[in-house]
Every structure is written in C-alpha cells, then in structure tokens.
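Trainee: Structure incoming, see below.
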Amino acid sequence: HCIGRRFIYTAFLWMGLGGVLAALMRIQLARPGNTFLTNDQYNQIFTLHGVTMMFLFAVPVMEAVAVYVIPLMLGTRALAFPRVNAYAYYMFLFGGIMIYTAFFLNMAPDAGWFSYVPLANPEFSPGKRVDIWAQLVNFTEISGIAVAVEIIVTIFKQRAPGMSINRMPLYVWSMLVTSFMIIFAMPAVMTASFYLALDRLVGTHFFNP
C-alpha cells in the first residue's frame with residue numbers, strides 16, 4: 001500500500017506540473033503577437049505538457065490506483081513481486097525528474113509529445129532534446145509493464161481463499177484486461193523509441209532514410 005500511495009502522489013505531482021505548463025501555453029495564446037514565451041520555449045512547453053499528461057499521469061495513475069486497491073479487493077497483503085513494484089515506482093519517479101531537469105536546463109524535448117519522424121530525426125532536431133524524450137518513454141514503459149505483470153500475477157495467484165475468478169469485483173476484471181493490453185502494447189512503443197534513439201545516436205536507418 002505504501003508504494004501504491006507513492007505512485008498516486010507522484011502521478012498527481014506530475015499532473016500539477018503539467019497543469020502549470022498548460023497555463024503557460026494559454027497565457028501565450030491569449031492574444032495575437034504575444035511575446036510571453038519565445039518560439040523555442042513554447043515548443044518545449046507544448047511537448048513537455050503532452051509527455052507529462054500521457055506518460056507521467058494518464059497511464060501511471062490508472063495503474064497506481066490499481067496497485068493500491070487490488071490487494072484490498074482480493075484479500076491479499078500486497079501485490080506480487082514487491083521489489084519489482086518498488087523498481088517500477090523509481091523508474092517512474094526518476095523518468096519524471098530527468099525530463100523536468102532537462103526542462104530547467106533548456107534541454108526539454110521540442111518535437112511534439114508524439115515525437116514523429118522526420119521532425120524527430122537528427123537532421124531536423126539536433127542536440128539531445130529528442131534523446132531525452134526517448135529515454136523517458138523507455139523509463140515509463142518499463143515501469144508500466146512491470147506493474148502490469150504484478151497485477152496479473154496477483155489476480156491469478158494471490159486471491160484470498162474463496163475469492164474465485166468469477167467472484168472478483170468488476171474493477172479487478174477491468175484491470176486484468178488492461179494489464180494484458182499494456183503488456184501487448186507497450187513493447188511496441190518502447191521499440192519505436194529505441195529505434196529512434198539508435199537512429200540519432202548510432203546512425204542506424206530505422207526511420208532515417
């Protein structure tokens with residue numbers, strides 16, 4: 001439960017920072033010709049806001065609530081693999097710290113939170129900004145996959161006596177299905193970001209013709 005609370009608190013911390021970034025964008029767009037932000041600052045804030053809300057809040061907070069609630073619903077003391085649970089949390093935490101540190105050092109990604117090529121290729125986005133994006137995605141996806149595995153194993157192997165599969169609450173069923181979806185979907189996202197990093201750092205040609 002302690003790790004679950006940490007997950008929830010940290011996810012809402014990132015959401016709050018994402019909200020601040022959204023407010024800065026709204027100020028810039030409040031009137032034509034506004035010089036509140038430079039073009040470069042706006043691109044960084046736009047990208048970091050999207051990254052924060054998708055990779056640091058939306059998926060993590062869903063899993064965070066599950067980490068806290070599912071053991072209570074199934075009558076078990078904790079999720080399976082508690083050390084993996086702690087590892088997943090710290091991957092999530094350090095990923096967020098890394099990208100916000102980059103923001104304060106004027107190195108936040110600026111190619112959109114989706115980081116589409118060819119804009120994210122080294123030809124059009126030189127420097128380390130997109131590399132930081134790719135690393136953050138790997139951190140958060142590893143965290144998400146680890147938590148999904150814990151949820152699945154807990155549901156299948158650690159239910160209280162008498163808590164059969166057909167007696168599980170609907171929420172537990174929904175998180176079981178969602179966890180399987182995460183395990184099947186997230187490796188593709190990780191692979192794509194890893195290919196992008198290889199194109200930029202090693203000179204491969206997965207996306208860079």
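Here, A, B, ... name the chains of the structure tokens in the order displayed, residue numbers run from 1 inside each chain, and ligands are numbered from 1 in the same displayed order.
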Give me, as a list in words, all polymer residues having an atom no more than 12 Å from A:Gly50, counting only C-alpha atoms and skipping those fewer than 3 positions away in the same chain.

Mentor: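 Result of the neighbour search: Trp14, Met15, Leu17, Gly18, Gly19, Leu21, Ala22, Met25, Asn43, Gln44, Ile45, Phe46, Thr47, Met53, Met54, Phe55, Leu56, Phe57, Ala58, Pro109, Asp110, Ala111, Gly112, Trp113, Phe114, Ser115 and Trp133 of chain A.
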
Trainee: Residues near stretch 188-205 of chain A, anyone? I mean within 12 Å using only C-alpha atoms, not counting same-chain ones fewer than 4 positions away, as a ChimeraX atom specification.

Mentor: /A:55,113-145,181-184,209

Trainee: So that I can check the surroundings of A:Ile165, please list as a list in words every protein, DNA and RNA residue that reaches within 10 Å of it, counting only C-alpha atoms and ignoring chain neighbours fewer than 4 positions away.

Mentor: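 Answer for this query is Ile155, Phe156, Arg159, Pro169, Val172 and Trp173 of chain A.
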
Trainee: Could you dump the residues just selected with N, CA and C atoms as a JSON list (two decimals), in the first residue's frame?

Mentor:
[["chain", "number", "residue", "atom", "x", "y", "z"],
["A", 155, "ILE", "N", -3.62, -11.19, -9.36],
["A", 155, "ILE", "CA", -5.01, -11.60, -9.60],
["A", 155, "ILE", "C", -5.11, -13.11, -9.77],
["A", 156, "PHE", "N", -4.18, -13.70, -10.46],
["A", 156, "PHE", "CA", -4.26, -15.14, -10.73],
["A", 156, "PHE", "C", -3.78, -16.01, -9.57],
["A", 159, "ARG", "N", -5.24, -14.51, -4.73],
["A", 159, "ARG", "CA", -6.59, -14.21, -4.21],
["A", 159, "ARG", "C", -6.80, -14.91, -2.88],
["A", 169, "PRO", "N", -14.39, -8.54, -8.09],
["A", 169, "PRO", "CA", -15.09, -7.30, -8.45],
["A", 169, "PRO", "C", -14.81, -6.91, -9.91],
["A", 172, "VAL", "N", -11.49, -5.23, -10.71],
["A", 172, "VAL", "CA", -10.33, -6.12, -10.82],
["A", 172, "VAL", "C", -10.30, -6.75, -12.21],
["A", 173, "TRP", "N", -11.46, -7.15, -12.71],
["A", 173, "TRP", "CA", -11.53, -7.68, -14.07],
["A", 173, "TRP", "C", -11.04, -6.65, -15.08]]

Trainee: Taking into account only C-alpha atoms, which residue in the set A:Asn85, A:Gln158, A:Thr178, A:Thr101 is nearest to A:Ala146?

Mentor: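 Using only C-alpha atoms, A:Ala146 sits closest to A:Asn85.
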
Trainee: Just give me the gap between atom CA of A:Thr154 and atom CA of A:Ala80 in Å, one decimal is fine.

Mentor: 5.3 Å

Trainee: Which value, in Å to one decimal, gives the distance between atom CA of A:Tyr89 and atom CA of A:Asn106?

Mentor: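 The value is 26.1 Å.
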
Trainee: Any idea what the distance is between atom CA of A:Ile152 and atom CA of A:Ser179?

Mentor: 6.7 Å

Trainee: For A:Tyr100, which residue among A:Val147, A:Leu74, A:Val51, A:Ala30 is the nearest when counting only C-alpha atoms?

Mentor: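 Of the candidates, the smallest distance to A:Tyr100 is held by A:Val51.
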
Trainee: From the list A:Leu37, A:Val59, A:Met91, A:Leu79, which residue is nearest A:Met186 when using only C-alpha atoms?

Mentor: A:Val59

Trainee: Using DSSP on the backbone coordinates, identify the residues of stretch 19-203 of chain A assigned to alpha helix (DSSP H); present them as a VMD selection string.

Mentor: chain A and resid 19 to 28 39 to 51 59 to 74 82 to 104 129 to 157 170 to 201

Trainee: Out of A:Ala160, A:Val149, A:Ala108, A:Leu176, which residue has the shortest atom-to-atom distance to A:His49 when counting only C-alpha atoms?

Mentor: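 Distance minimum relative to A:His49 lands on A:Ala108.
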
Trainee: Would you list the contacts of A:Arg5 as a list of chain:residue names, taking every protein, DNA or RNA residue within 10 Å and counting only C-alpha atoms, but skipping same-chain residues closer than 5 positions in sequence?

Mentor: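 Once the adjacent positions are removed, what remains is A:Thr10, A:Ala11, A:Ala64, A:Val65, A:Val67, A:Tyr68.
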